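Structure file coords01.txt (compact mmCIF, C-alpha atoms (C1' of nucleotides)) is printed below.
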# COMPACT_ATOMS: atom_id res chain seq x y z
CA MET A 1 0.00 0.00 0.00
CA ALA A 2 1.25 3.43 -0.79
CA THR A 3 0.92 5.15 2.57
CA ARG A 4 0.82 8.70 1.38
CA ARG A 5 -0.66 10.37 4.41
CA ALA A 6 -4.08 9.61 2.96
CA ALA A 7 -6.02 11.57 5.55
CA ALA A 8 -9.68 10.59 5.47
CA TYR A 9 -12.36 12.95 6.71
CA SER A 10 -16.02 12.46 7.22
CA ILE A 11 -18.31 15.28 6.17
CA GLY A 12 -18.51 16.29 9.81
CA ASP A 13 -14.71 16.42 10.10
CA LEU A 14 -14.58 18.61 7.03
CA ALA A 15 -17.30 20.80 8.48
CA ARG A 16 -15.44 21.26 11.74
CA ALA A 17 -12.17 21.90 9.95
CA THR A 18 -13.55 24.58 7.64
CA GLY A 19 -16.54 26.01 9.43
CA VAL A 20 -18.77 25.06 6.50
CA LYS A 21 -21.85 23.10 7.47
CA PRO A 22 -22.39 19.56 6.19
CA THR A 23 -25.52 20.62 4.33
CA THR A 24 -23.55 23.34 2.60
CA ILE A 25 -20.77 20.94 1.71
CA ARG A 26 -23.30 18.62 0.11
CA PHE A 27 -24.75 21.61 -1.66
CA TYR A 28 -21.34 22.51 -3.08
CA GLU A 29 -20.97 18.97 -4.30
CA ALA A 30 -24.35 19.09 -5.99
CA GLU A 31 -23.28 22.35 -7.61
CA SER A 32 -20.05 20.70 -8.78
CA LEU A 33 -17.85 23.12 -6.91
CA LEU A 34 -16.51 20.27 -4.85
CA PRO A 35 -15.75 16.94 -6.56
CA ALA A 36 -17.80 13.98 -5.45
CA PRO A 37 -15.75 12.12 -2.84
CA ALA A 38 -15.32 8.40 -2.33
CA ARG A 39 -17.92 6.63 -0.23
CA THR A 40 -17.95 3.97 2.42
CA GLU A 41 -19.88 0.81 1.64
CA GLY A 42 -22.76 2.30 3.51
CA GLY A 43 -22.70 5.46 1.43
CA HIS A 44 -21.00 7.93 3.74
CA ARG A 45 -18.71 10.44 2.09
CA ILE A 46 -14.95 10.14 2.59
CA TYR A 47 -12.91 13.24 1.90
CA GLY A 48 -9.19 13.74 1.47
CA GLN A 49 -6.75 16.60 1.74
CA ARG A 50 -7.58 18.02 -1.67
CA HIS A 51 -11.23 18.30 -0.69
CA LEU A 52 -10.21 20.15 2.42
CA ASP A 53 -8.06 22.54 0.42
CA ARG A 54 -10.68 23.11 -2.19
CA LEU A 55 -13.39 23.72 0.35
CA GLY A 56 -11.10 26.23 2.05
CA PHE A 57 -10.68 27.98 -1.26
CA ILE A 58 -14.42 28.10 -1.84
CA ARG A 59 -15.11 29.31 1.65
CA HIS A 60 -12.53 32.03 1.45
CA ALA A 61 -13.83 33.21 -1.89
CA ARG A 62 -17.37 33.25 -0.52
CA GLU A 63 -16.22 35.26 2.45
CA LEU A 64 -14.83 37.77 0.03
CA GLY A 65 -18.25 37.97 -1.54
CA PHE A 66 -17.54 36.21 -4.81
CA ALA A 67 -20.60 34.71 -6.45
CA MET A 68 -20.66 31.05 -7.31
CA PRO A 69 -20.08 31.52 -11.06
CA ASP A 70 -17.04 33.60 -10.15
CA ILE A 71 -15.80 30.94 -7.80
CA ARG A 72 -16.32 28.39 -10.50
CA SER A 73 -14.04 30.24 -12.86
CA LEU A 74 -11.47 30.90 -10.15
CA LEU A 75 -11.43 27.21 -9.28
CA ASP A 76 -11.16 26.35 -12.93
CA LEU A 77 -8.14 28.60 -13.18
CA ALA A 78 -6.61 27.12 -10.04
CA ASP A 79 -7.01 23.70 -11.64
CA HIS A 80 -5.04 24.82 -14.68
CA PRO A 81 -1.84 26.46 -13.44
CA GLU A 82 -0.47 26.85 -16.95
CA ARG A 83 -3.19 29.27 -17.97
CA ASP A 84 -3.06 33.01 -17.91
CA CYS A 85 -4.56 34.54 -14.81
CA THR A 86 -6.10 37.53 -16.56
CA ALA A 87 -9.53 36.09 -15.92
CA ALA A 88 -8.88 36.10 -12.20
CA HIS A 89 -7.99 39.76 -12.41
CA GLY A 90 -11.19 40.49 -14.25
CA VAL A 91 -13.24 38.70 -11.63
CA ALA A 92 -11.47 40.52 -8.83
CA LYS A 93 -11.88 43.89 -10.50
CA ALA A 94 -15.56 43.33 -11.12
CA GLN A 95 -15.94 42.35 -7.50
CA ILE A 96 -14.23 45.53 -6.36
CA ALA A 97 -16.50 47.58 -8.59
CA ALA A 98 -19.56 45.81 -7.21
CA ILE A 99 -18.39 46.40 -3.66
CA ASP A 100 -17.75 50.06 -4.39
CA ALA A 101 -21.24 50.45 -5.76
CA LYS A 102 -22.70 48.84 -2.67
CA LEU A 103 -20.57 50.96 -0.40
CA ARG A 104 -21.67 54.17 -2.07
CA ARG A 105 -25.26 53.13 -1.86
CA LEU A 106 -25.06 52.01 1.74
CA GLN A 107 -23.31 55.21 2.73
CA ALA A 108 -26.05 57.25 1.14
CA LEU A 109 -28.72 55.14 2.83
CA ARG A 110 -27.02 55.44 6.15
CA ALA A 111 -26.84 59.19 5.83
CA GLU A 112 -30.50 59.49 5.00
CA ILE A 113 -31.80 57.09 7.59
CA SER A 114 -29.71 58.46 10.40
CA ARG A 115 -30.63 62.01 9.56
CA VAL A 116 -34.28 61.14 9.46
CA ALA A 117 -34.14 59.12 12.65
CA ALA A 118 -32.32 61.90 14.46
CA ALA A 119 -34.80 64.52 13.31
CA CYS A 120 -37.75 62.86 14.97
CA GLY A 121 -37.68 63.25 18.71
CA GLY A 122 -40.43 60.75 19.38
CA GLY A 123 -44.04 61.22 20.24
CA ARG A 124 -47.19 60.44 18.33
CA ALA A 125 -46.84 58.61 15.03
CA GLU A 126 -48.86 61.38 13.47
CA GLU A 127 -45.93 63.74 13.73
CA CYS A 128 -43.20 61.20 13.31
CA LEU A 129 -40.65 62.43 10.83
CA ILE A 130 -39.58 58.94 9.96
CA LEU A 131 -43.02 58.05 8.74
CA GLU A 132 -43.43 61.41 7.12
CA VAL A 133 -40.31 61.14 5.04
CA LEU A 134 -41.19 57.62 4.01
CA ALA A 135 -44.62 58.75 2.96
CA ASP A 136 -43.23 61.56 0.86
CA HIS A 137 -42.47 59.78 -2.33
CA ARG A 138 -41.04 62.90 -3.89
CA HIS A 139 -38.83 62.93 -0.78
CA GLY A 140 -37.49 66.42 -1.05
CA HIS A 141 -35.61 65.80 2.18
CA CYS A 142 -33.46 63.29 0.47
CA THR A 143 -29.79 64.08 0.10
CA ASP A 144 -28.90 61.05 -1.91
CA PRO A 145 -28.59 62.10 -5.53
CA GLY A 146 -28.60 58.59 -6.91
CA HIS A 147 -31.86 57.71 -5.31
CA GLY A 148 -35.12 58.64 -6.82
CA ALA A 149 -34.02 61.75 -8.67
CA ASP A 150 -34.38 59.82 -11.90
CA GLY A 151 -37.43 57.72 -12.36
CA ASP A 152 -35.57 54.45 -12.55
CA GLY A 153 -35.78 52.42 -9.40
CA SER A 154 -34.63 49.22 -11.01
CA SER A 155 -31.23 49.15 -9.38
CA ALA A 156 -32.29 47.28 -6.24
CA GLY A 157 -28.73 46.83 -5.11
CA VAL A 158 -29.52 46.58 -1.44
CA GLN A 159 -30.55 43.52 0.42
CA PRO A 160 -32.23 44.25 3.70
CA ALA A 161 -30.67 43.01 6.86
CA HIS A 162 -31.75 39.50 7.47
CA ALA A 163 -28.15 38.76 8.31
CA SER A 164 -29.04 37.54 11.78
CA ALA A 165 -26.78 37.49 14.78
CA GLY A 166 -24.88 34.41 13.74
CA GLY A 167 -25.61 31.19 15.24
CA MET B 168 -56.88 68.93 3.40
CA ALA B 169 -58.67 65.98 1.92
CA THR B 170 -57.78 66.02 -1.72
CA ARG B 171 -60.17 63.29 -2.50
CA ARG B 172 -60.58 63.55 -6.18
CA ALA B 173 -61.43 59.98 -6.99
CA ALA B 174 -58.52 59.36 -9.31
CA ALA B 175 -58.64 55.84 -10.69
CA TYR B 176 -55.47 54.12 -11.77
CA SER B 177 -54.90 50.85 -13.50
CA ILE B 178 -52.04 48.73 -12.26
CA GLY B 179 -50.01 49.97 -15.20
CA ASP B 180 -50.71 53.59 -14.28
CA LEU B 181 -49.57 52.90 -10.76
CA ALA B 182 -46.48 51.17 -12.08
CA ARG B 183 -45.56 54.14 -14.26
CA ALA B 184 -46.26 56.59 -11.47
CA THR B 185 -44.11 54.84 -8.90
CA GLY B 186 -41.55 52.89 -10.87
CA VAL B 187 -42.76 49.68 -9.27
CA LYS B 188 -43.56 46.91 -11.73
CA PRO B 189 -47.08 45.51 -12.00
CA THR B 190 -45.90 42.10 -10.91
CA THR B 191 -44.33 43.62 -7.85
CA ILE B 192 -47.48 45.57 -7.07
CA ARG B 193 -49.49 42.37 -7.20
CA PHE B 194 -46.87 40.75 -5.02
CA TYR B 195 -47.25 43.51 -2.43
CA GLU B 196 -50.97 42.97 -2.48
CA ALA B 197 -50.52 39.24 -1.96
CA GLU B 198 -48.24 40.08 0.96
CA SER B 199 -50.86 42.40 2.37
CA LEU B 200 -48.61 45.42 2.22
CA LEU B 201 -50.98 47.03 -0.21
CA PRO B 202 -54.74 46.71 0.37
CA ALA B 203 -56.68 44.84 -2.27
CA PRO B 204 -58.14 47.45 -4.61
CA ALA B 205 -61.55 47.56 -6.23
CA ARG B 206 -61.99 45.67 -9.46
CA THR B 207 -63.68 46.26 -12.75
CA GLU B 208 -66.38 43.81 -13.70
CA GLY B 209 -63.78 42.01 -15.72
CA GLY B 210 -61.46 41.72 -12.75
CA HIS B 211 -58.92 44.43 -13.47
CA ARG B 212 -57.58 46.28 -10.43
CA ILE B 213 -58.63 49.88 -9.88
CA TYR B 214 -56.44 51.93 -7.59
CA GLY B 215 -56.96 55.26 -5.93
CA GLN B 216 -54.81 57.96 -4.43
CA ARG B 217 -54.28 56.16 -1.16
CA HIS B 218 -52.86 53.17 -3.00
CA LEU B 219 -50.50 55.46 -4.82
CA ASP B 220 -49.37 57.01 -1.55
CA ARG B 221 -48.98 53.72 0.17
CA LEU B 222 -47.03 52.22 -2.69
CA GLY B 223 -44.76 55.26 -2.62
CA PHE B 224 -44.20 54.67 1.06
CA ILE B 225 -43.37 51.02 0.50
CA ARG B 226 -41.06 51.78 -2.37
CA HIS B 227 -39.24 54.45 -0.45
CA ALA B 228 -38.80 52.18 2.54
CA ARG B 229 -37.51 49.42 0.29
CA GLU B 230 -35.06 51.83 -1.28
CA LEU B 231 -33.79 52.55 2.19
CA GLY B 232 -33.21 48.86 2.63
CA PHE B 233 -35.97 48.10 5.11
CA ALA B 234 -37.09 44.48 5.11
CA MET B 235 -40.71 43.65 4.56
CA PRO B 236 -41.51 42.88 8.20
CA ASP B 237 -40.05 46.28 9.06
CA ILE B 238 -42.13 47.93 6.38
CA ARG B 239 -45.15 46.18 7.73
CA SER B 240 -44.67 47.67 11.14
CA LEU B 241 -43.91 51.09 9.75
CA LEU B 242 -47.08 50.97 7.68
CA ASP B 243 -48.99 49.78 10.67
CA LEU B 244 -47.73 52.76 12.59
CA ALA B 245 -48.56 55.12 9.76
CA ASP B 246 -52.08 53.71 9.83
CA HIS B 247 -52.41 54.59 13.50
CA PRO B 248 -51.34 58.22 13.95
CA GLU B 249 -52.35 58.24 17.60
CA ARG B 250 -49.72 55.69 18.57
CA ASP B 251 -46.28 56.33 19.87
CA CYS B 252 -43.60 56.26 17.22
CA THR B 253 -40.98 54.59 19.38
CA ALA B 254 -41.30 51.46 17.28
CA ALA B 255 -40.37 53.42 14.18
CA HIS B 256 -37.26 54.62 15.93
CA GLY B 257 -36.34 51.10 16.88
CA VAL B 258 -36.73 49.94 13.32
CA ALA B 259 -34.67 52.82 12.01
CA LYS B 260 -31.93 52.30 14.56
CA ALA B 261 -31.73 48.60 13.83
CA GLN B 262 -31.49 49.43 10.16
CA ILE B 263 -28.63 51.85 10.80
CA ALA B 264 -26.83 49.22 12.83
CA ALA B 265 -27.31 46.67 10.08
CA ILE B 266 -26.02 49.10 7.49
CA ASP B 267 -23.01 49.93 9.64
CA ALA B 268 -22.19 46.27 9.98
CA LYS B 269 -22.41 45.81 6.25
CA LEU B 270 -20.32 48.87 5.61
CA ARG B 271 -17.57 47.69 7.90
CA ARG B 272 -17.58 44.30 6.31
CA LEU B 273 -17.63 45.63 2.77
CA GLN B 274 -14.81 48.03 3.52
CA ALA B 275 -12.70 45.20 4.88
CA LEU B 276 -13.51 43.06 1.86
CA ARG B 277 -12.68 45.85 -0.50
CA ALA B 278 -9.36 46.39 1.18
CA GLU B 279 -8.42 42.76 0.99
CA ILE B 280 -9.55 42.15 -2.55
CA SER B 281 -8.00 45.27 -3.96
CA ARG B 282 -4.71 44.61 -2.19
CA VAL B 283 -4.65 41.06 -3.48
CA ALA B 284 -5.62 42.05 -6.98
CA ALA B 285 -2.97 44.76 -7.07
CA ALA B 286 -0.27 42.41 -5.81
CA CYS B 287 -0.58 40.03 -8.72
CA GLY B 288 0.89 41.47 -11.88
CA GLY B 289 -0.55 38.83 -14.15
CA GLY B 290 1.02 35.86 -15.84
CA ARG B 291 0.51 32.16 -15.32
CA ALA B 292 -2.25 31.07 -12.96
CA GLU B 293 0.35 29.00 -11.16
CA GLU B 294 1.88 32.11 -9.67
CA CYS B 295 -1.27 34.17 -9.44
CA LEU B 296 -1.49 35.82 -6.06
CA ILE B 297 -5.24 36.02 -6.23
CA LEU B 298 -5.57 32.28 -6.48
CA GLU B 299 -2.84 31.76 -3.94
CA VAL B 300 -4.48 33.87 -1.30
CA LEU B 301 -7.80 32.21 -1.90
CA ALA B 302 -6.23 28.81 -1.56
CA ASP B 303 -4.63 29.73 1.73
CA HIS B 304 -7.42 29.07 4.13
CA ARG B 305 -5.35 30.24 7.05
CA HIS B 306 -4.97 33.41 4.92
CA GLY B 307 -2.12 35.04 6.80
CA HIS B 308 -2.23 37.82 4.24
CA CYS B 309 -5.57 38.91 5.48
CA THR B 310 -5.87 42.27 7.15
CA ASP B 311 -9.49 41.96 8.09
CA PRO B 312 -9.68 41.23 11.82
CA GLY B 313 -13.30 40.19 11.75
CA HIS B 314 -12.74 37.57 9.14
CA GLY B 315 -11.35 34.23 10.00
CA ALA B 316 -9.22 35.24 12.98
CA ASP B 317 -11.78 33.68 15.25
CA GLY B 318 -13.31 30.40 14.24
CA ASP B 319 -16.77 31.73 13.70
CA GLY B 320 -17.59 32.32 10.09
CA SER B 321 -21.29 32.33 10.62
CA SER B 322 -21.82 36.03 10.20
CA ALA B 323 -22.40 35.78 6.46
CA GLY B 324 -23.53 39.37 6.16
CA VAL B 325 -22.47 39.74 2.58
CA GLN B 326 -24.43 38.82 -0.44
CA PRO B 327 -22.34 38.46 -3.57
CA ALA B 328 -22.84 40.90 -6.34
CA HIS B 329 -25.65 39.70 -8.50
CA ALA B 330 -27.00 43.18 -8.20
CA SER B 331 -26.28 43.97 -11.84
CA ALA B 332 -25.10 47.30 -13.10
CA GLY B 333 -28.62 48.55 -13.38
CA GLY B 334 -28.38 51.50 -11.04
C1' DG C 335 -22.95 -10.00 19.29
C1' DC C 336 -26.06 -6.47 20.54
C1' DT C 337 -27.57 -1.99 21.66
C1' DT C 338 -27.32 2.77 21.69
C1' DG C 339 -27.41 7.13 19.61
C1' DA C 340 -24.91 10.34 17.02
C1' DA C 341 -23.79 11.09 12.56
C1' DC C 342 -24.83 10.26 8.18
C1' DC C 343 -27.91 9.57 3.90
C1' DT C 344 -31.55 11.47 0.28
C1' DC C 345 -35.21 14.30 -0.97
C1' DC C 346 -37.79 18.31 -0.72
C1' DA C 347 -39.59 22.70 0.85
C1' DG C 348 -38.62 27.14 2.69
C1' DT C 349 -35.91 31.58 3.04
C1' DC C 350 -36.19 36.97 0.77
C1' DG C 351 -38.01 40.02 -2.55
C1' DC C 352 -39.20 39.79 -6.30
C1' DT C 353 -39.36 38.23 -11.64
C1' DG C 354 -40.92 36.00 -15.75
C1' DG C 355 -43.53 32.79 -18.40
C1' DA C 356 -47.74 30.18 -19.75
C1' DG C 357 -52.17 30.40 -20.98
C1' DG C 358 -56.12 32.84 -20.89
C1' DT C 359 -59.32 37.22 -20.51
C1' DC C 360 -60.53 42.10 -20.77
C1' DC C 361 -60.73 46.77 -22.51
C1' DC C 362 -60.61 50.32 -25.63
C1' DA C 363 -59.75 52.49 -29.96
C1' DT C 364 -60.56 51.99 -34.62
C1' DA D 365 -66.32 43.54 -35.04
C1' DT D 366 -61.64 43.34 -34.42
C1' DG D 367 -56.97 43.87 -33.18
C1' DG D 368 -53.63 44.12 -29.85
C1' DG D 369 -51.97 45.59 -25.70
C1' DA D 370 -52.87 45.46 -20.96
C1' DC D 371 -54.54 42.73 -17.71
C1' DC D 372 -55.72 38.27 -15.04
C1' DT D 373 -54.13 33.83 -12.19
C1' DC D 374 -50.99 30.38 -11.16
C1' DC D 375 -46.60 28.65 -10.63
C1' DA D 376 -41.62 28.04 -11.03
C1' DG D 377 -37.18 30.14 -10.62
C1' DC D 378 -33.29 33.23 -9.01
C1' DG D 379 -28.75 32.85 -5.23
C1' DA D 380 -26.83 30.50 -1.68
C1' DC D 381 -27.95 28.15 1.30
C1' DT D 382 -30.91 26.01 5.52
C1' DG D 383 -33.79 22.83 7.95
C1' DG D 384 -36.80 19.03 8.48
C1' DA D 385 -38.67 14.32 7.58
C1' DG D 386 -37.76 9.81 7.45
C1' DG D 387 -34.56 6.34 7.00
C1' DT D 388 -29.59 4.10 7.31
C1' DT D 389 -24.80 3.52 8.92
C1' DC D 390 -21.08 3.71 12.06
C1' DA D 391 -18.38 3.34 16.16
C1' DA D 392 -18.25 2.73 20.90
C1' DG D 393 -19.58 0.41 25.03
C1' DC D 394 -21.31 -3.70 27.26
Take the structure from the file and write it as structure tokens.
Amino acid sequence: MATRRAAAYSIGDLARATGVKPTTIRFYEAESLLPAPARTEGGHRIYGQRHLDRLGFIRHARELGFAMPDIRSLLDLADHPERDCTAAHGVAKAQIAAIDAKLRRLQALRAEISRVAAACGGGRAEECLILEVLADHRHGHCTDPGHGADGDGSSAGVQPAHASAGG
Amino acid sequence: MATRRAAAYSIGDLARATGVKPTTIRFYEAESLLPAPARTEGGHRIYGQRHLDRLGFIRHARELGFAMPDIRSLLDLADHPERDCTAAHGVAKAQIAAIDAKLRRLQALRAEISRVAAACGGGRAEECLILEVLADHRHGHCTDPGHGADGDGSSAGVQPAHASAGG
DNA sequence: GCTTGAACCTCCAGTCGCTGGAGGTCCCAT
DNA sequence: ATGGGACCTCCAGCGACTGGAGGTTCAAGC
């Protein structure tokens, strides 16, 4: 037998090692981000070092906000070291641009919400500035130039906070 | 002053007036954010001024990133002017906190990605720093303290950019 | 060998805020 | 009367998972 430090991990081991949940690992396999591992006779997955590495790569890329198609192409590139890495640069640049757009938007939102919230000192809803500003769909109070000045509201770049307090 | 001219809008009129698509308007109705309007004999929706106002409110709140449960409670408050607006403040404050969290995270991500992208001058994927850093799941290069230093990666506050360049 | 019970398996539905398509009906101008 | 665009309902899909139901396997302890 070629004893080549053939570390074998269960899906739970992999989960503990990477912080990615078993369900998510299976999901990545179904999405072909992670190659299908060997199985025990009973059908349990058996992972090796390369799975661990690859899952680390995926997780890190996800943490950086890369979408799955992006990760796919980054993984593809990582699998082919002889190729030119221009594509990786393109992906990274696009990601930076996307982040910048979100940052600008969030900063504008923060400014407006905090201003509005500060303006209203509390009391009856009738006189609540928060509600008033929301109700004013011409929102003349609004300082954000990229928000409603033109008629096009199709941008929808902001997901509301369902982020949760981590579990 | 009750400006109650009985303006009647079709769903398309409302869509044009607010920038919210007909499908989305119907969706809001199904979600009970927007009251069910009158109908023609044939079943077409007929909206009035209050629908227009309310839809404007909803749209504005969405633009500010409020989640639908939040919008529900804000609308509820707006429907009851005699109530105390403390709840609105709570919602707004929570939203600011959520935005701040996202901002911090996005700023850290931007810093890391742009640094990594700048470091790699191009060439073969084999030597690509972008891929290298991603592959390093201990990521010693990383400057973001809130990202991987502790074992807990469950925050997941960042959605990848499928936002499109629509804005 | 037998018994636990935790971990694993597959499949499927739900999350959030819409969006789009199928297949059919209505309305209004000509 | 007709043409065609706007409208109707219902349902599936997006991204990136998550959780549950219902069943099987594994490893440890006796």
field: Residues within 12 Å of DG357 (chain C), all atoms listed in the file, excluding chain neighbours under 3 positions, as an MDAnalysis selection string
entry: chainID D and resid 372:375
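Using only C-alpha atoms (C1' of nucleotides), the chain B residues found within 10 Å of chain C amount to Lys188, Thr190, Thr191, Phe194, Tyr195, Thr207, Glu208, Gly209, Gly210, His211, Arg229, Ala234 and Met235 of chain B.
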- request: Give me, please, the distance in Å between CA of Arg110 (chain A) and CA of Leu131 (chain A), quoted to one decimal.
  value: 16.4 Å
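Coordinates place CA of Gln262 (chain B) at a distance of 6.9 Å from CA of Phe233 (chain B).
Near chain A, within 12 Å and using all atoms listed in the file, the residues of chain D are DG379, DA380, DC381, DT382, DG383, DT388, DT389 and DC390 of chain D.
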- request: One decimal, Å: what's the distance from CA of Ala38 (chain A) over to CA of Ala17 (chain A), could you say?
  value: 18.5 Å
task: Write out as number ranges by chain the residues lying within 8 Å of Ser10 (chain A), counting all atoms listed in the file and excluding same-chain residues fewer than 5 positions away.
output: A: 44-47
query: Of the candidates B:Arg291, B:Arg271, B:Arg193, B:His227, which one gets nearest to Ala78 (chain A) if we count all atoms listed in the file?
result: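 When distances to Ala78 (chain A) are compared using all atoms listed in the file, the smallest one comes from B:Arg291.
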field: Pick from A:Leu75, A:Ala94, A:Ala101, A:Ala87, whichever lies nearest to Ile58 (chain A) using all atoms listed in the file
entry: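 Comparing A:Leu75, A:Ala94, A:Ala101, A:Ala87 against Ile58 (chain A), the winner is A:Leu75.
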query: So which residues touch Pro202 (chain B) within 10 Å, counting only C-alpha atoms (C1' of nucleotides), skipping near sequence neighbours fewer than 5 positions away, as a list in words?
result: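 Contacts, with the query itself left out: Tyr195, Glu196, Ala197, Tyr214, Arg217, His218, Arg221 and Leu222 of chain B.
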query: Got a sec: who's within 9 Å of Leu219 (chain B), counting all atoms listed in the file, leaving out chain neighbours fewer than 6 positions off, as a ChimeraX atom specification?
result: /B:176,181,184-185
field: Distance criterion (all atoms listed in the file): nearest to chain A out of B:Asp243, B:Gly186, B:Gly215, B:Ala278
entry: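 That would be B:Gly186, the residue with the smallest distance to chain A.
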Complete region 208-221 of chain B with N, CA, C and O atoms (output as a PDB file, in the frame of the given file).
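So selection31.pdb came out as:
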ATOM      1  N   GLU B 208     -65.586  45.023 -13.567  1.00  0.00           N
ATOM      2  CA  GLU B 208     -66.380  43.810 -13.700  1.00  0.00           C
ATOM      3  C   GLU B 208     -65.545  42.663 -14.262  1.00  0.00           C
ATOM      4  O   GLU B 208     -65.742  41.506 -13.919  1.00  0.00           O
ATOM      5  N   GLY B 209     -64.626  43.025 -15.109  1.00  0.00           N
ATOM      6  CA  GLY B 209     -63.780  42.010 -15.720  1.00  0.00           C
ATOM      7  C   GLY B 209     -62.647  41.523 -14.834  1.00  0.00           C
ATOM      8  O   GLY B 209     -61.931  40.600 -15.174  1.00  0.00           O
ATOM      9  N   GLY B 210     -62.472  42.184 -13.689  1.00  0.00           N
ATOM     10  CA  GLY B 210     -61.460  41.720 -12.750  1.00  0.00           C
ATOM     11  C   GLY B 210     -60.193  42.553 -12.709  1.00  0.00           C
ATOM     12  O   GLY B 210     -59.282  42.244 -11.936  1.00  0.00           O
ATOM     13  N   HIS B 211     -60.119  43.594 -13.503  1.00  0.00           N
ATOM     14  CA  HIS B 211     -58.920  44.430 -13.470  1.00  0.00           C
ATOM     15  C   HIS B 211     -58.913  45.298 -12.210  1.00  0.00           C
ATOM     16  O   HIS B 211     -59.955  45.795 -11.780  1.00  0.00           O
ATOM     17  N   ARG B 212     -57.717  45.496 -11.665  1.00  0.00           N
ATOM     18  CA  ARG B 212     -57.580  46.280 -10.430  1.00  0.00           C
ATOM     19  C   ARG B 212     -57.762  47.774 -10.704  1.00  0.00           C
ATOM     20  O   ARG B 212     -57.242  48.303 -11.684  1.00  0.00           O
ATOM     21  N   ILE B 213     -58.453  48.434  -9.789  1.00  0.00           N
ATOM     22  CA  ILE B 213     -58.630  49.880  -9.880  1.00  0.00           C
ATOM     23  C   ILE B 213     -58.090  50.509  -8.597  1.00  0.00           C
ATOM     24  O   ILE B 213     -58.607  50.250  -7.513  1.00  0.00           O
ATOM     25  N   TYR B 214     -57.071  51.323  -8.760  1.00  0.00           N
ATOM     26  CA  TYR B 214     -56.440  51.930  -7.590  1.00  0.00           C
ATOM     27  C   TYR B 214     -56.847  53.386  -7.436  1.00  0.00           C
ATOM     28  O   TYR B 214     -57.252  54.049  -8.393  1.00  0.00           O
ATOM     29  N   GLY B 215     -56.699  53.858  -6.210  1.00  0.00           N
ATOM     30  CA  GLY B 215     -56.960  55.260  -5.930  1.00  0.00           C
ATOM     31  C   GLY B 215     -55.732  55.937  -5.348  1.00  0.00           C
ATOM     32  O   GLY B 215     -54.658  55.331  -5.259  1.00  0.00           O
ATOM     33  N   GLN B 216     -55.920  57.168  -4.931  1.00  0.00           N
ATOM     34  CA  GLN B 216     -54.810  57.960  -4.430  1.00  0.00           C
ATOM     35  C   GLN B 216     -54.107  57.307  -3.235  1.00  0.00           C
ATOM     36  O   GLN B 216     -52.888  57.330  -3.133  1.00  0.00           O
ATOM     37  N   ARG B 217     -54.911  56.722  -2.363  1.00  0.00           N
ATOM     38  CA  ARG B 217     -54.280  56.160  -1.160  1.00  0.00           C
ATOM     39  C   ARG B 217     -53.372  54.964  -1.509  1.00  0.00           C
ATOM     40  O   ARG B 217     -52.362  54.724  -0.838  1.00  0.00           O
ATOM     41  N   HIS B 218     -53.746  54.252  -2.572  1.00  0.00           N
ATOM     42  CA  HIS B 218     -52.860  53.170  -3.000  1.00  0.00           C
ATOM     43  C   HIS B 218     -51.547  53.729  -3.525  1.00  0.00           C
ATOM     44  O   HIS B 218     -50.469  53.201  -3.256  1.00  0.00           O
ATOM     45  N   LEU B 219     -51.683  54.811  -4.281  1.00  0.00           N
ATOM     46  CA  LEU B 219     -50.500  55.460  -4.820  1.00  0.00           C
ATOM     47  C   LEU B 219     -49.569  55.904  -3.688  1.00  0.00           C
ATOM     48  O   LEU B 219     -48.363  55.653  -3.705  1.00  0.00           O
ATOM     49  N   ASP B 220     -50.163  56.544  -2.686  1.00  0.00           N
ATOM     50  CA  ASP B 220     -49.370  57.010  -1.550  1.00  0.00           C
ATOM     51  C   ASP B 220     -48.691  55.855  -0.824  1.00  0.00           C
ATOM     52  O   ASP B 220     -47.512  55.910  -0.497  1.00  0.00           O
ATOM     53  N   ARG B 221     -49.505  54.842  -0.593  1.00  0.00           N
ATOM     54  CA  ARG B 221     -48.980  53.720   0.170  1.00  0.00           C
ATOM     55  C   ARG B 221     -47.868  53.003  -0.589  1.00  0.00           C
ATOM     56  O   ARG B 221     -46.857  52.610  -0.011  1.00  0.00           O
TER      57      ARG B 221
END
